[in-house]
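Novice: Please find my_file12.tsv (TSV, C-alpha atoms and all ligand atoms) on the next line:
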chain	number	residue	atom	x	y	z
P	1	MET	CA	-1.39	19.25	-22.08
P	2	LYS	CA	0.77	16.25	-21.24
P	3	VAL	CA	2.28	16.44	-17.77
P	4	LEU	CA	4.87	14.21	-16.10
P	5	VAL	CA	3.70	13.38	-12.57
P	6	THR	CA	6.37	11.84	-10.36
P	7	GLY	CA	4.82	10.03	-7.41
P	8	GLY	CA	1.57	9.79	-9.41
P	9	ALA	CA	0.74	6.46	-7.76
P	10	GLY	CA	0.68	8.08	-4.32
P	11	TYR	CA	-2.13	9.73	-2.38
P	12	ILE	CA	-1.75	13.31	-3.59
P	13	GLY	CA	-0.08	12.54	-6.94
P	14	SER	CA	-2.90	10.22	-8.01
P	15	THR	CA	-5.50	12.86	-7.08
P	16	ILE	CA	-3.56	15.41	-9.12
P	17	CYS	CA	-3.69	12.95	-12.06
P	18	SER	CA	-7.50	12.83	-11.71
P	19	ALA	CA	-7.76	16.62	-11.58
P	20	LEU	CA	-5.53	16.93	-14.66
P	21	GLU	CA	-7.67	14.38	-16.54
P	22	ASP	CA	-10.89	16.11	-15.52
P	23	ARG	CA	-9.53	19.31	-17.06
P	24	GLY	CA	-8.61	17.54	-20.30
P	25	HIS	CA	-4.90	16.97	-19.68
P	26	THR	CA	-2.88	13.74	-19.86
P	27	PRO	CA	-0.73	12.71	-16.89
P	28	VAL	CA	2.31	10.50	-17.47
P	29	ILE	CA	3.20	8.81	-14.19
P	30	LEU	CA	6.72	7.98	-13.03
P	31	ASP	CA	6.60	6.12	-9.73
P	32	SER	CA	8.75	3.41	-8.14
P	33	LEU	CA	5.79	2.13	-6.06
P	34	ILE	CA	8.01	2.25	-2.98
P	35	THR	CA	4.86	3.35	-1.19
P	36	GLY	CA	2.36	4.12	-3.97
P	37	ARG	CA	-0.39	1.82	-5.24
P	38	ILE	CA	-0.36	0.18	-8.66
P	39	GLU	CA	-4.17	0.35	-8.81
P	40	PHE	CA	-3.97	4.17	-8.67
P	41	THR	CA	-2.25	4.06	-12.08
P	42	LYS	CA	-5.03	2.04	-13.75
P	43	ASN	CA	-5.94	3.31	-17.25
P	44	ARG	CA	-3.12	5.85	-17.01
P	45	ILE	CA	0.25	6.09	-18.78
P	46	PHE	CA	2.58	4.63	-16.16
P	47	TYR	CA	6.32	4.00	-15.95
P	48	LYS	CA	7.44	2.03	-12.92
P	49	GLY	CA	10.84	3.22	-11.84
P	50	ASP	CA	12.98	5.62	-9.90
P	51	ILE	CA	13.07	9.37	-10.52
P	52	ALA	CA	16.87	9.18	-10.76
P	53	ASP	CA	16.83	6.46	-13.43
P	54	LEU	CA	18.00	8.69	-16.29
P	55	ALA	CA	17.65	6.00	-18.97
P	56	LEU	CA	14.01	5.65	-17.98
P	57	VAL	CA	13.47	9.42	-18.05
P	58	ASP	CA	15.00	9.46	-21.57
P	59	LYS	CA	12.64	6.67	-22.64
P	60	ILE	CA	9.63	8.56	-21.24
P	61	PHE	CA	10.55	11.67	-23.24
P	62	GLU	CA	11.28	9.65	-26.39
P	63	GLU	CA	7.80	8.19	-26.15
P	64	HIS	CA	6.15	11.44	-24.97
P	65	PRO	CA	8.12	14.36	-26.44
P	66	ASP	CA	5.05	16.56	-25.92
P	67	ILE	CA	5.34	16.55	-22.10
P	68	CYS	CA	5.41	20.24	-21.23
P	69	SER	CA	5.81	20.33	-17.45
P	70	THR	CA	6.51	18.17	-14.41
P	71	VAL	CA	4.56	17.87	-11.17
P	72	HIS	CA	7.13	16.50	-8.74
P	73	CYS	CA	5.39	14.69	-5.87
P	74	ALA	CA	7.69	11.66	-5.49
P	75	ALA	CA	9.28	11.61	-2.06
P	76	LEU	CA	9.59	9.74	1.19
P	77	THR	CA	7.26	11.47	3.63
P	78	VAL	CA	7.45	10.02	7.15
P	79	VAL	CA	8.97	12.49	9.65
P	80	PRO	CA	10.12	9.98	12.36
P	81	GLU	CA	11.65	7.78	9.65
P	82	SER	CA	13.61	10.81	8.42
P	83	VAL	CA	14.90	11.45	11.94
P	84	ALA	CA	16.02	7.82	12.25
P	85	ASP	CA	17.63	7.66	8.80
P	86	PRO	CA	18.46	11.15	7.49
P	87	TYR	CA	20.96	9.83	4.93
P	88	ASN	CA	18.20	7.96	3.15
P	89	TYR	CA	15.90	10.98	3.17
P	90	TYR	CA	18.53	13.38	1.86
P	91	ASN	CA	19.48	10.84	-0.79
P	92	GLU	CA	15.97	9.92	-1.91
P	93	ASN	CA	14.36	13.33	-1.71
P	94	VAL	CA	17.17	15.80	-2.38
P	95	ALA	CA	19.97	14.08	-4.32
P	96	LYS	CA	17.52	12.34	-6.64
P	97	THR	CA	15.52	15.52	-7.19
P	98	ASN	CA	18.75	17.27	-8.16
P	99	ILE	CA	19.49	14.54	-10.71
P	100	LEU	CA	15.95	14.48	-12.11
P	101	LEU	CA	15.59	18.24	-12.48
P	102	LYS	CA	18.97	18.60	-14.21
P	103	LYS	CA	17.92	15.91	-16.68
P	104	LEU	CA	14.58	17.63	-17.29
P	105	CYS	CA	16.41	20.89	-17.98
P	106	GLU	CA	18.66	19.09	-20.49
P	107	LEU	CA	15.56	17.69	-22.15
P	108	GLY	CA	14.19	21.22	-22.43
P	109	CYS	CA	11.27	20.53	-20.08
P	110	LYS	CA	11.92	23.28	-17.55
P	111	ASP	CA	8.57	23.99	-15.89
P	112	PHE	CA	8.28	22.37	-12.45
P	113	LEU	CA	5.57	22.18	-9.84
P	114	PHE	CA	6.77	20.89	-6.52
P	115	SER	CA	5.01	19.34	-3.51
P	116	SER	CA	6.57	21.27	-0.67
P	117	SER	CA	5.27	21.41	2.86
P	118	ALA	CA	4.20	23.86	5.55
P	119	SER	CA	6.57	21.96	7.84
P	120	ILE	CA	9.42	24.08	6.47
P	121	TYR	CA	8.15	27.03	8.55
P	122	GLY	CA	8.78	25.23	11.84
P	123	ASP	CA	7.02	26.67	14.89
P	124	THR	CA	6.52	30.27	13.79
P	125	LYS	CA	4.88	31.36	17.10
P	126	LYS	CA	2.41	33.21	14.86
P	127	GLN	CA	-1.12	32.00	14.17
P	128	GLU	CA	-1.16	33.34	10.60
P	129	VAL	CA	1.63	32.24	8.29
P	130	THR	CA	2.57	33.86	4.98
P	131	GLU	CA	5.12	32.91	2.35
P	132	SER	CA	7.50	35.63	3.57
P	133	ASP	CA	7.77	34.18	7.08
P	134	PRO	CA	11.19	32.75	8.01
P	135	LEU	CA	11.83	29.13	7.14
P	136	ASN	CA	12.99	26.86	9.93
P	137	PRO	CA	12.57	23.17	9.09
P	138	GLN	CA	12.55	21.04	12.24
P	139	SER	CA	13.13	17.55	10.83
P	140	PRO	CA	15.25	15.99	8.10
P	141	TYR	CA	12.02	15.44	6.13
P	142	ALA	CA	11.14	19.15	6.30
P	143	ALA	CA	14.76	20.02	5.49
P	144	THR	CA	14.56	17.92	2.31
P	145	LYS	CA	11.57	19.99	1.17
P	146	TYR	CA	13.46	23.20	1.88
P	147	MET	CA	16.56	21.98	0.02
P	148	CYS	CA	14.49	20.98	-3.01
P	149	GLU	CA	13.00	24.47	-3.03
P	150	LEU	CA	16.52	25.91	-3.09
P	151	ILE	CA	17.48	23.64	-5.98
P	152	MET	CA	14.49	24.88	-7.95
P	153	ARG	CA	15.16	28.51	-7.10
P	154	ASP	CA	18.79	28.20	-8.22
P	155	PHE	CA	17.91	26.22	-11.37
P	156	SER	CA	15.55	29.03	-12.32
P	157	VAL	CA	18.46	31.46	-12.19
P	158	ALA	CA	21.09	29.25	-13.83
P	159	TYR	CA	19.21	27.08	-16.31
P	160	GLY	CA	16.12	29.10	-17.22
P	161	ALA	CA	13.76	26.81	-15.32
P	162	ARG	CA	10.46	28.00	-13.84
P	163	ALA	CA	9.22	26.55	-10.57
P	164	ILE	CA	6.00	26.83	-8.64
P	165	VAL	CA	6.44	25.27	-5.22
P	166	PHE	CA	3.29	24.59	-3.29
P	167	ARG	CA	3.65	24.49	0.47
P	168	TYR	CA	0.77	22.26	1.51
P	169	PHE	CA	-0.73	22.53	4.96
P	170	ASN	CA	-2.62	19.44	6.29
P	171	VAL	CA	-4.10	17.53	3.40
P	172	VAL	CA	-7.25	15.48	4.10
P	173	GLY	CA	-10.04	13.80	2.21
P	174	ALA	CA	-10.19	11.69	-0.92
P	175	ASP	CA	-11.08	12.25	-4.55
P	176	PRO	CA	-14.83	13.06	-4.37
P	177	SER	CA	-15.35	10.59	-7.27
P	178	MET	CA	-13.58	7.90	-5.16
P	179	ARG	CA	-10.92	7.05	-7.77
P	180	THR	CA	-8.14	7.24	-5.15
P	181	GLY	CA	-7.58	8.31	-1.56
P	182	PRO	CA	-5.41	7.84	1.53
P	183	TYR	CA	-3.97	4.34	1.75
P	184	LYS	CA	-1.38	4.46	4.53
P	185	ASP	CA	-1.93	3.82	8.23
P	186	ALA	CA	-1.42	7.20	9.87
P	187	PRO	CA	-2.40	6.63	13.49
P	188	THR	CA	-0.78	9.87	14.67
P	189	LEU	CA	-2.82	12.20	12.46
P	190	LEU	CA	-6.04	13.77	13.72
P	191	LEU	CA	-8.55	12.48	11.16
P	192	PRO	CA	-7.27	8.87	11.00
P	193	ARG	CA	-7.25	8.81	14.82
P	194	LEU	CA	-10.85	10.01	14.93
P	195	ILE	CA	-11.92	7.46	12.34
P	196	LEU	CA	-10.26	4.59	14.25
P	197	HIS	CA	-11.76	5.83	17.53
P	198	ASP	CA	-15.23	6.07	16.00
P	199	LYS	CA	-14.94	2.55	14.62
P	200	GLY	CA	-13.87	1.20	18.02
P	201	LEU	CA	-10.35	0.46	16.75
P	202	GLY	CA	-8.34	3.00	18.74
P	203	GLN	CA	-8.36	5.44	21.60
P	204	PHE	CA	-8.59	9.20	21.01
P	205	LYS	CA	-7.39	11.76	23.54
P	206	LEU	CA	-7.72	15.51	22.99
P	207	THR	CA	-4.22	16.59	24.00
P	208	GLY	CA	-3.89	20.25	24.99
P	209	VAL	CA	-6.92	22.37	25.89
P	210	ASN	CA	-5.24	25.47	27.34
P	211	TRP	CA	-3.53	26.99	24.33
P	212	PRO	CA	-4.02	30.74	23.71
P	213	THR	CA	-6.57	30.06	20.94
P	214	ARG	CA	-10.30	30.77	20.62
P	215	ASP	CA	-11.30	27.56	22.43
P	216	GLY	CA	-8.03	26.48	24.06
P	217	THR	CA	-7.29	23.65	21.62
P	218	GLY	CA	-4.59	23.83	18.95
P	219	VAL	CA	-5.17	25.57	15.63
P	220	ARG	CA	-4.69	23.55	12.45
P	221	ASP	CA	-5.07	24.16	8.76
P	222	TYR	CA	-6.83	21.42	6.79
P	223	VAL	CA	-7.40	21.51	3.08
P	224	HIS	CA	-9.26	18.99	0.92
P	225	VAL	CA	-6.95	16.93	-1.29
P	226	TRP	CA	-9.18	17.73	-4.27
P	227	ASP	CA	-8.61	21.46	-3.78
P	228	ILE	CA	-4.87	20.76	-3.59
P	229	ALA	CA	-5.08	18.73	-6.80
P	230	MET	CA	-7.03	21.47	-8.58
P	231	ALA	CA	-4.36	24.02	-7.64
P	232	HIS	CA	-1.85	21.92	-9.60
P	233	ALA	CA	-4.12	21.57	-12.62
P	234	LEU	CA	-4.66	25.35	-12.65
P	235	ALA	CA	-0.95	26.04	-12.22
P	236	VAL	CA	-0.02	23.77	-15.13
P	237	GLU	CA	-2.31	25.89	-17.30
P	238	ARG	CA	-1.17	29.24	-15.89
P	239	PHE	CA	2.60	28.97	-15.68
P	240	ASP	CA	3.07	32.13	-17.74
P	241	THR	CA	0.82	34.16	-15.45
P	242	VAL	CA	2.08	32.74	-12.16
P	243	CYS	CA	5.73	33.16	-13.14
P	244	ALA	CA	5.31	36.44	-15.03
P	245	ASP	CA	7.24	38.48	-12.45
P	246	ALA	CA	9.63	35.81	-11.14
P	247	PRO	CA	10.53	32.33	-12.38
P	248	PHE	CA	10.41	30.88	-8.85
P	249	GLN	CA	7.22	31.18	-6.84
P	250	ALA	CA	6.48	29.62	-3.44
P	251	ILE	CA	2.77	29.52	-2.67
P	252	ASN	CA	1.03	28.34	0.50
P	253	LEU	CA	-1.98	26.09	0.01
P	254	GLY	CA	-4.31	25.93	2.98
P	255	SER	CA	-7.77	26.93	4.12
P	256	GLY	CA	-7.03	30.59	4.76
P	257	SER	CA	-8.81	30.51	8.10
P	258	GLY	CA	-7.76	27.57	10.26
P	259	VAL	CA	-9.78	25.33	12.52
P	260	THR	CA	-9.26	24.38	16.14
P	261	VAL	CA	-8.99	20.72	17.06
P	262	ARG	CA	-12.25	20.99	18.98
P	263	GLU	CA	-14.01	22.52	15.94
P	264	PHE	CA	-12.62	19.74	13.76
P	265	ILE	CA	-14.01	17.14	16.17
P	266	ARG	CA	-17.42	18.89	16.02
P	267	ASP	CA	-17.28	18.72	12.22
P	268	PHE	CA	-16.46	15.03	12.46
P	269	GLU	CA	-19.40	14.46	14.82
P	270	ALA	CA	-21.72	16.35	12.46
P	271	VAL	CA	-20.65	14.10	9.57
P	272	VAL	CA	-21.02	10.79	11.46
P	273	GLY	CA	-24.21	12.00	13.17
P	274	HIS	CA	-23.29	11.29	16.77
P	275	LYS	CA	-21.15	12.63	19.63
P	276	LEU	CA	-17.80	11.03	20.36
P	277	ASP	CA	-16.70	10.18	23.85
P	278	ILE	CA	-13.40	12.06	24.12
P	279	GLU	CA	-10.99	12.36	27.04
P	280	GLU	CA	-9.12	15.68	27.44
P	281	THR	CA	-5.48	15.57	28.59
P	282	ASP	CA	-2.35	17.69	28.79
P	283	PRO	CA	-0.38	18.46	25.62
P	284	ARG	CA	2.22	15.93	24.48
P	285	PRO	CA	5.89	16.96	24.48
P	286	GLY	CA	6.61	18.96	21.33
P	287	ASP	CA	2.97	19.95	20.73
P	288	VAL	CA	2.48	23.55	19.62
P	289	ALA	CA	-0.49	25.93	19.51
P	290	GLY	CA	-0.38	25.63	15.73
P	291	ALA	CA	-1.00	27.97	12.83
P	292	PHE	CA	-2.87	28.45	9.60
P	293	THR	CA	-1.88	30.13	6.37
P	294	LYS	CA	-3.08	33.20	4.60
P	295	ILE	CA	-3.86	32.32	0.99
P	296	ASP	CA	-3.72	35.75	-0.65
P	297	LYS	CA	-0.80	34.74	-2.86
P	298	ALA	CA	-2.61	31.64	-4.19
P	299	GLN	CA	-5.70	33.76	-4.82
P	300	ASN	CA	-3.85	36.61	-6.52
P	301	LEU	CA	-1.38	34.65	-8.66
P	302	LEU	CA	-3.37	31.51	-9.38
P	303	GLY	CA	-6.99	32.47	-8.86
P	304	TRP	CA	-7.20	29.56	-6.41
P	305	SER	CA	-8.97	29.23	-3.12
P	306	PRO	CA	-10.45	26.13	-1.52
P	307	THR	CA	-13.96	25.23	-2.63
P	308	LEU	CA	-14.63	22.23	-0.38
P	309	SER	CA	-15.40	22.32	3.34
P	310	ILE	CA	-13.77	20.35	6.12
P	311	GLN	CA	-17.00	18.42	6.54
P	312	SER	CA	-16.88	17.32	2.89
P	313	ALA	CA	-13.24	16.29	3.32
P	314	ILE	CA	-14.18	14.23	6.38
P	315	ALA	CA	-17.16	12.68	4.56
P	316	ASP	CA	-15.04	11.80	1.49
P	317	ASN	CA	-12.30	10.38	3.74
P	318	LEU	CA	-14.82	8.18	5.59
P	319	LYS	CA	-16.41	6.96	2.35
P	320	TRP	CA	-12.99	6.16	0.92
P	321	TYR	CA	-11.95	4.39	4.15
P	322	ASP	CA	-14.88	2.00	3.81
P	323	ILE	CA	-14.31	1.38	0.09
P	324	TYR	CA	-10.56	0.87	0.52
P	325	ASN	CA	-10.82	-1.42	3.51
P	326	SER	CA	-13.59	-3.53	1.99
P	327	ASN	CA	-11.30	-4.19	-1.04
P	328	LYS	CA	-8.25	-5.14	1.05
C	401	LIG	N1	0.23	14.16	2.63
C	401	LIG	C1	0.43	15.39	3.10
C	401	LIG	O1	-0.34	15.88	3.95
C	401	LIG	C2	1.56	16.23	2.55
C	401	LIG	C3	1.79	17.49	3.13
C	401	LIG	C4	2.82	18.27	2.61
C	401	LIG	C5	3.58	17.81	1.54
C	401	LIG	N2	3.36	16.57	1.03
C	401	LIG	C6	4.19	16.12	-0.09
C	401	LIG	O2	3.34	15.69	-1.14
C	401	LIG	C7	3.97	14.64	-1.89
C	401	LIG	C8	3.04	13.46	-2.00
C	401	LIG	O3	2.74	13.00	-0.69
C	401	LIG	P1	1.72	11.80	-0.43
C	401	LIG	O4	1.09	12.05	0.88
C	401	LIG	O5	0.88	11.61	-1.64
C	401	LIG	O6	2.75	10.59	-0.26
C	401	LIG	P2	2.77	9.15	-0.97
C	401	LIG	O7	3.80	8.35	-0.26
C	401	LIG	O8	1.39	8.60	-1.07
C	401	LIG	O9	3.28	9.50	-2.43
C	401	LIG	C9	4.65	9.58	-2.78
C	401	LIG	C10	4.82	8.74	-4.04
C	401	LIG	O10	6.18	8.88	-4.48
C	401	LIG	C11	6.66	7.61	-4.88
C	401	LIG	N3	8.13	7.67	-4.74
C	401	LIG	C12	8.84	7.92	-3.62
C	401	LIG	N4	10.17	7.94	-3.91
C	401	LIG	C13	10.28	7.72	-5.25
C	401	LIG	C14	11.38	7.65	-6.15
C	401	LIG	N5	12.66	7.82	-5.74
C	401	LIG	N6	11.14	7.42	-7.47
C	401	LIG	C15	9.86	7.25	-7.92
C	401	LIG	N7	8.78	7.29	-7.11
C	401	LIG	C16	8.99	7.53	-5.78
C	401	LIG	C17	5.98	6.63	-3.94
C	401	LIG	O11	5.93	5.32	-4.45
C	401	LIG	C18	4.58	7.26	-3.81
C	401	LIG	O12	3.70	6.77	-4.81
C	401	LIG	C19	5.28	14.33	-1.16
C	401	LIG	O13	6.32	15.00	-1.81
C	401	LIG	C20	5.06	14.92	0.22
C	401	LIG	O14	6.27	15.31	0.81
C	401	LIG	C21	2.37	15.77	1.50
Write out the structure in this file as structure tokens.
Specialist:
Amino acid sequence: MKVLVTGGAGYIGSTICSALEDRGHTPVILDSLITGRIEFTKNRIFYKGDIADLALVDKIFEEHPDICSTVHCAALTVVPESVADPYNYYNENVAKTNILLKKLCELGCKDFLFSSSASIYGDTKKQEVTESDPLNPQSPYAATKYMCELIMRDFSVAYGARAIVFRYFNVVGADPSMRTGPYKDAPTLLLPRLILHDKGLGQFKLTGVNWPTRDGTGVRDYVHVWDIAMAHALAVERFDTVCADAPFQAINLGSGSGVTVREFIRDFEAVVGHKLDIEETDPRPGDVAGAFTKIDKAQNLLGWSPTLSIQSAIADNLKWYDIYNSNK
């Protein structure tokens, strides 16, 4: 199948392209490269441009009339940036998605997969999240994901579209074949902070050790980017099954079990083969005990569950880090 992948030059979009190719499909990438990497499009059909450039979308469909669905990953993704400049985030992520999806409906290409985010649940106060939990986005970024979901839901009613929205929990790792991987500095995220600390390039503090969890540290839900990518490849193939009962389906993608921060650090230490020297401190303002998702819906509708461990995600991330930084 030929699949339009917006944001296909980014971290997750490029991994989805690899998963699609490995299953015999052909991705067609539309990406402005505002953050994505040109090298991630190598040997792939690639159109450089904006998702709201309708002339370009027309050209893509003239040249590839056999595109049958769209994986929509293109977005701005930095939460603090969205707080500082909400106009830009609502414009780039929501207004442009509205324009793109309407155009795709006019072109008769009405099957969408969307990169949504667990951040739309807000702080649920529950450790186990399901798709039916209330949505309460806490940042303009999270709100853009929620609004795009609403657009897709309403387009499915009005225009006969079908939408599978995947709410990703924390995505880590790199393509196990090392075609692409994380490329942005993310010094606030757990794994990048551990990597920098281990390489002597940054300090790591374990913030919050008295939460009501099994070991006092926060609970998180990490899922290997390859498992996330495979969920998209499966969904492209199984639209009829997934959307048999309803044309709009929101599905959580996570580990199904959750890991505490301390357990994650132990996994990291097991991969690098030595103990880390880590200071424990109080939680930072705004920190929460955290949550993980149940994945029954992904299992039942899609036949998907993660196949790769946290340790393999950490190992792939570390391997990619060395490859990427040696080529810089
Ligand atoms: N990384 C995560 O842990 C995570 C978690 C939940 C959801 N998501 C979602 O997954 C998607 C991909 O995230 P990522 O981490 O790969 O980010 P990324 O920045 O690596 O990828 C986004 C891609 O979209 C492109 N893009 C942005 N605006 C565009 C526009 N207007 N027109 C064309 N291209 C545009 C960028 O150039 C980039 O290549 C995003 O929608 C993000 O919100 C990511």
Novice: Enter the distance from CA of Arg167 (chain P) to CA of Ser255 (chain P), in Å, rounded to one decimal.
Specialist: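 Computing it gives 12.2 Å between the two atoms.
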Novice: Could you state the separation of CA of Thr41 (chain P) and CA of Leu194 (chain P) in Å, given to one decimal place?
Specialist: 29.0 Å
Novice: Using all atoms listed in the file, tabulate the residues of chain P lying at most 8 Å from any atom of ligand LIG 401 (chain C), each with its closest atom pair and that distance in Å to one decimal, by chain and increasing residue number, as CSV.
Specialist:
residue,atom,partner,partner_atom,distance
P:Thr6,CA,C:LIG401,N7,6.1
P:Gly7,CA,C:LIG401,O10,3.4
P:Gly8,CA,C:LIG401,O12,5.9
P:Ala9,CA,C:LIG401,O12,4.2
P:Gly10,CA,C:LIG401,O12,3.3
P:Tyr11,CA,C:LIG401,O5,3.6
P:Ile12,CA,C:LIG401,O5,3.7
P:Gly13,CA,C:LIG401,O5,5.5
P:Ser14,CA,C:LIG401,O5,7.5
P:Leu30,CA,C:LIG401,C15,6.0
P:Asp31,CA,C:LIG401,N7,3.6
P:Ser32,CA,C:LIG401,C15,4.0
P:Leu33,CA,C:LIG401,O11,3.6
P:Ile34,CA,C:LIG401,O11,4.0
P:Thr35,CA,C:LIG401,O11,4.0
P:Gly36,CA,C:LIG401,O12,3.1
P:Arg37,CA,C:LIG401,O12,6.4
P:Lys48,CA,C:LIG401,C15,7.6
P:Gly49,CA,C:LIG401,C15,5.7
P:Asp50,CA,C:LIG401,N6,3.5
P:Ile51,CA,C:LIG401,N6,4.1
P:Ala52,CA,C:LIG401,N5,6.7
P:His72,CA,C:LIG401,O13,7.1
P:Cys73,CA,C:LIG401,O13,4.2
P:Ala74,CA,C:LIG401,O10,3.3
P:Ala75,CA,C:LIG401,C12,4.0
P:Leu76,CA,C:LIG401,C12,5.2
P:Thr77,CA,C:LIG401,O14,4.9
P:Glu92,CA,C:LIG401,N5,5.5
P:Asn93,CA,C:LIG401,N5,7.0
P:Lys96,CA,C:LIG401,N5,6.7
P:Phe114,CA,C:LIG401,O13,7.6
P:Ser115,CA,C:LIG401,O2,4.7
P:Ser116,CA,C:LIG401,C5,5.1
P:Ser117,CA,C:LIG401,C4,4.0
P:Ala118,CA,C:LIG401,C4,6.5
P:Ser119,CA,C:LIG401,C4,7.4
P:Tyr141,CA,C:LIG401,O14,7.8
P:Lys145,CA,C:LIG401,O14,7.1
P:Arg167,CA,C:LIG401,C4,6.6
P:Tyr168,CA,C:LIG401,C4,4.6
P:Phe169,CA,C:LIG401,C3,5.9
P:Asn170,CA,C:LIG401,O1,4.8
P:Val171,CA,C:LIG401,O1,4.1
P:Val172,CA,C:LIG401,O1,6.9
P:Pro182,CA,C:LIG401,O8,7.3
P:Tyr183,CA,C:LIG401,O8,7.4
P:Lys184,CA,C:LIG401,O8,7.5
Novice: So that I can see what lies close to Lys2 (chain P), please list as a list in words the residues with an atom at most 8 Å from it, counting all atoms listed in the file and leaving out residues fewer than 3 positions away in the same chain.
Specialist: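 Residues meeting the cut-off are His25, Thr26, Pro27, Val28, Asp66, Ile67, Cys68 and Ser69 of chain P.
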Novice: Taking (11.5, 17.5, 12.4) in the file's own coordinates, collect the residues within 9 Å, counting all atoms listed in the file, and hand them back as a count of residues only.
Specialist: 13
Novice: Find the residue from P:Val157, P:Leu150, P:Leu190, P:Ile45 that sits nearest to Thr207 (chain P); use only C-alpha atoms when measuring.
Specialist: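 Between P:Val157, P:Leu150, P:Leu190, P:Ile45, the residue approaching Thr207 (chain P) most closely is P:Leu190.
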Novice: Between CA of Lys102 (chain P) and CA of Val57 (chain P), what is the distance, to one decimal in Å?
Specialist: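 Going from CA of Lys102 (chain P) over to CA of Val57 (chain P), I get 11.4 Å.
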Novice: Using all atoms listed in the file, which protein or nucleic acid residues come within 7 Å of Val271 (chain P)? Drop anything in the same chain fewer than 4 positions from it, and give the result as a PyMOL selection string.
Specialist: chain P and resi 267+311+315
Novice: For Gly216 (chain P), which of P:Gly256, P:Pro247, P:Gly290, P:Gly202 is the closest residue, counting only C-alpha atoms?
Specialist: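 For Gly216 (chain P), the nearest of the candidates is P:Gly290.
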Novice: Please provide the set of residues having any atom within 6 Å of Val71 (chain P), restricted to only C-alpha atoms, with same-chain residues fewer than 3 positions apart removed, written as JSON, numbers by chain.
Specialist: {"P": [5, 112, 113, 114]}
Novice: With distances taken over all atoms listed in the file, which residue among P:Arg284, P:His274, P:Lys297, P:Arg266 lies nearest Leu253 (chain P)?
Specialist: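 Residue with the minimum atom-to-atom distance to Leu253 (chain P): P:Lys297.
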Novice: Which residue out of P:Ser312, P:Ser132, P:Ser156, P:Thr144 has the minimum interatomic distance to Leu101 (chain P) when all atoms listed in the file are used?
Specialist: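 Smallest distance to Leu101 (chain P) is found for P:Ser156.
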Novice: Which of these, P:Asn252, P:Thr260, P:Thr180, P:Thr241, has the shortest distance to Leu206 (chain P) once you count all atoms listed in the file?
Specialist: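 Checking each candidate against Leu206 (chain P), we get P:Thr260 as the closest.
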